[in-house]
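Engineer: To start, I am sharing the structure in question, which I have written as structure tokens.
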Amino acid sequence: MSVSLTTAGPSPLLLSVPVAVGYVPLGAVFGFLFVQAGGPWWLAIASSIWVYAGASQFMMIPMLSAGLSVGSIALATLVVNLRHVFYGLSLLHALPQHPIARAYMVFGLTDETYSVLTTLPPETSTAQRVWLTLINQLWWVSGTAIGALLGSQAQTQLAGLDFALVALFAVLVVEQWRARSSPKPLWVALAAYPVAWLVAPQQALLLSIALSVGAAIMLDWISHER
Amino acid sequence: MSDEAYIALVILAMGVVTFGIRATPFLTGRWLQKHPQVTRLGRFLPLSIMVLLTLHSVLDISGSWDGRLWPEILALGVVIAMQWWQRKALLSIGLGTALYLLLRNGI
């Protein structure tokens, strides 16, 4: 992408185009599946405004359908988004001074926004970084709105369309696999799920997440404490 | 999934948790640097979680039909293979879902 070398720096709108290509359709898939699962369209949009975290928003659909408690879903969100803890570490210097702009940029640190922000040239102004963060979220919210409205218009429910959710998780598995530093997380999960399913089939997801967290802590302790 | 108050409460809680995680390094950067195991967990867990979500949702879908797993396994294989070679998320999701719709609706 050609970026202007004037003092104005790259246009945030231009920088957000690659993010839009992913966010609008994926947001639409989220909105559509949320509504098809029985959720009201305006809450699909509300979750894209207030939560704004792709993977955990998709995760909430089966969890809401299963009627899990608010605490369980909050805990699962914590585990899924834990990786975001270290995003901020590399952006400590890049935040604006204004408290609202500062808080908003911290709020908007999704995987995609993080990866765009960390590859910006150093002369990029903080105002441009804030705009970029905001425009990225606008793409996500617009996609959600489109999907939610389509989903609530669809009269006949096409059987098997919820496979899109499985496909999305599988895509994330492949991408996480690419970024892995060890294959252990895969083996841990493949072992945890059958165990959890045998013990408590109704709570298999939550129990297997808990088992995986326990195994991760144990494996980490074994390889680092000695 | 139609209880609006319940869904709204879940969304509220998820937003607070997500913002809390994203804000943590700005509030406790030094504490985090002294506890590298948190960062290592943050690197370890996402792959496990995505595998668990895939397994859980695929069994969920299969269970809502006849419980035979072959259409799910076939469609899942297409998604994984497409993502591995082409790395285009929407293409992988689109092709896998289209194949699954064909298999399930018996066209």
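Each chain in the structure tokens gets a letter, A, B and so on, in the order shown; residues start at 1 in every chain, and ligands are counted from 1 in the order they appear.
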Set the cut-off to 6 Å and count only C-alpha atoms: what are the residues of chain A that reach chain B? Output as a count of residues only.
Structural biologist: 29
Engineer: May I have the residues within 12 Å of segment 117-120 of chain A as a PyMOL selection string, using only C-alpha atoms and disregarding those fewer than 5 positions away in the same chain?
Structural biologist: chain A and resi 3+9-12+15-16+19+87-95+105-106+108-112+125-126+128-133+136
Engineer: Just want the 9 Å neighbourhood of Ala204 of chain A, counted on only C-alpha atoms, with same-chain residues fewer than 4 positions away dropped. Output as a list of chain:residue names.
Structural biologist: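 Contacts, in chain order: A:Tyr193, A:Pro194, A:Val195, A:Ala196, A:Trp197, A:Leu198, A:Val199, A:Ala200, A:Ser208, A:Ile209, B:His56.
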Engineer: Write a file of the just-selected residues containing N, CA and C atoms, as an mmCIF file, in the first residue's frame.
Structural biologist:
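So out.cif came out as:
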```
data_model
loop_
_atom_site.group_PDB
_atom_site.id
_atom_site.type_symbol
_atom_site.label_atom_id
_atom_site.label_comp_id
_atom_site.auth_asym_id
_atom_site.auth_seq_id
_atom_site.Cartn_x
_atom_site.Cartn_y
_atom_site.Cartn_z
ATOM 1 N N TYR A 193 -11.269 -32.474 26.419
ATOM 2 C CA TYR A 193 -12.683 -32.501 26.050
ATOM 3 C C TYR A 193 -13.364 -33.845 26.297
ATOM 4 N N PRO A 194 -12.755 -34.967 25.835
ATOM 5 C CA PRO A 194 -13.404 -36.275 26.126
ATOM 6 C C PRO A 194 -13.561 -36.537 27.620
ATOM 7 N N VAL A 195 -12.538 -36.163 28.409
ATOM 8 C CA VAL A 195 -12.624 -36.349 29.864
ATOM 9 C C VAL A 195 -13.825 -35.569 30.411
ATOM 10 N N ALA A 196 -13.914 -34.292 30.028
ATOM 11 C CA ALA A 196 -14.999 -33.437 30.510
ATOM 12 C C ALA A 196 -16.349 -33.995 30.066
ATOM 13 N N TRP A 197 -16.382 -34.496 28.832
ATOM 14 C CA TRP A 197 -17.645 -35.000 28.283
ATOM 15 C C TRP A 197 -18.114 -36.241 29.032
ATOM 16 N N LEU A 198 -17.153 -37.094 29.429
ATOM 17 C CA LEU A 198 -17.499 -38.301 30.181
ATOM 18 C C LEU A 198 -17.986 -37.956 31.583
ATOM 19 N N VAL A 199 -17.366 -36.934 32.193
ATOM 20 C CA VAL A 199 -17.710 -36.565 33.561
ATOM 21 C C VAL A 199 -19.046 -35.826 33.604
ATOM 22 N N ALA A 200 -19.204 -34.809 32.743
ATOM 23 C CA ALA A 200 -20.414 -33.985 32.777
ATOM 24 C C ALA A 200 -20.738 -33.490 31.374
ATOM 25 N N SER A 208 -13.996 -28.560 30.328
ATOM 26 C CA SER A 208 -12.774 -28.803 29.559
ATOM 27 C C SER A 208 -11.899 -27.552 29.526
ATOM 28 N N ILE A 209 -12.524 -26.360 29.542
ATOM 29 C CA ILE A 209 -11.725 -25.124 29.620
ATOM 30 C C ILE A 209 -10.976 -25.092 30.951
ATOM 31 N N HIS B 56 -16.675 -28.613 20.635
ATOM 32 C CA HIS B 56 -17.975 -28.483 21.283
ATOM 33 C C HIS B 56 -19.064 -28.095 20.282
#
```
Engineer: Between atom CA of Pro122 of chain A and atom CA of Trp139 of chain A, measure the distance and give it in Å to one decimal.
Structural biologist: 24.8 Å
Engineer: Atom CA of Thr77 of chain A and atom CA of Phe34 of chain A, how far apart in Å?
Structural biologist: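 Result for atom CA of Phe34 of chain A versus atom CA of Thr77 of chain A: 16.9 Å, one decimal.
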Engineer: For each of A:Leu211, A:Ala28, A:Leu13, A:Leu219, take the minimum atom-to-atom distance to Leu149 of chain A, counting only C-alpha atoms, then give the residue where this is smallest.
Structural biologist: A:Ala28
Engineer: In terms of the shortest atom-to-atom distance over only C-alpha atoms, which of A:Ala37, A:Ala76, A:Val29, A:Ile45 is closest to Leu138 of chain A?
Structural biologist: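 Of A:Ala37, A:Ala76, A:Val29, A:Ile45, the one nearest Leu138 of chain A is A:Ile45, counting only C-alpha atoms.
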Engineer: For Ala191 of chain A, which residue among A:Ser212, A:Thr113, A:Gln203, A:Ser48 is the nearest when counting only C-alpha atoms?
Structural biologist: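 Result for the nearest residue to Ala191 of chain A: A:Ser212.
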Engineer: So the first atom is atom CA of Ala5 of chain B and the second is atom CA of Leu75 of chain A; what is the distance between them in Å, to one decimal place?
Structural biologist: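 For atom CA of Ala5 of chain B relative to atom CA of Leu75 of chain A, the distance reads 19.1 Å.
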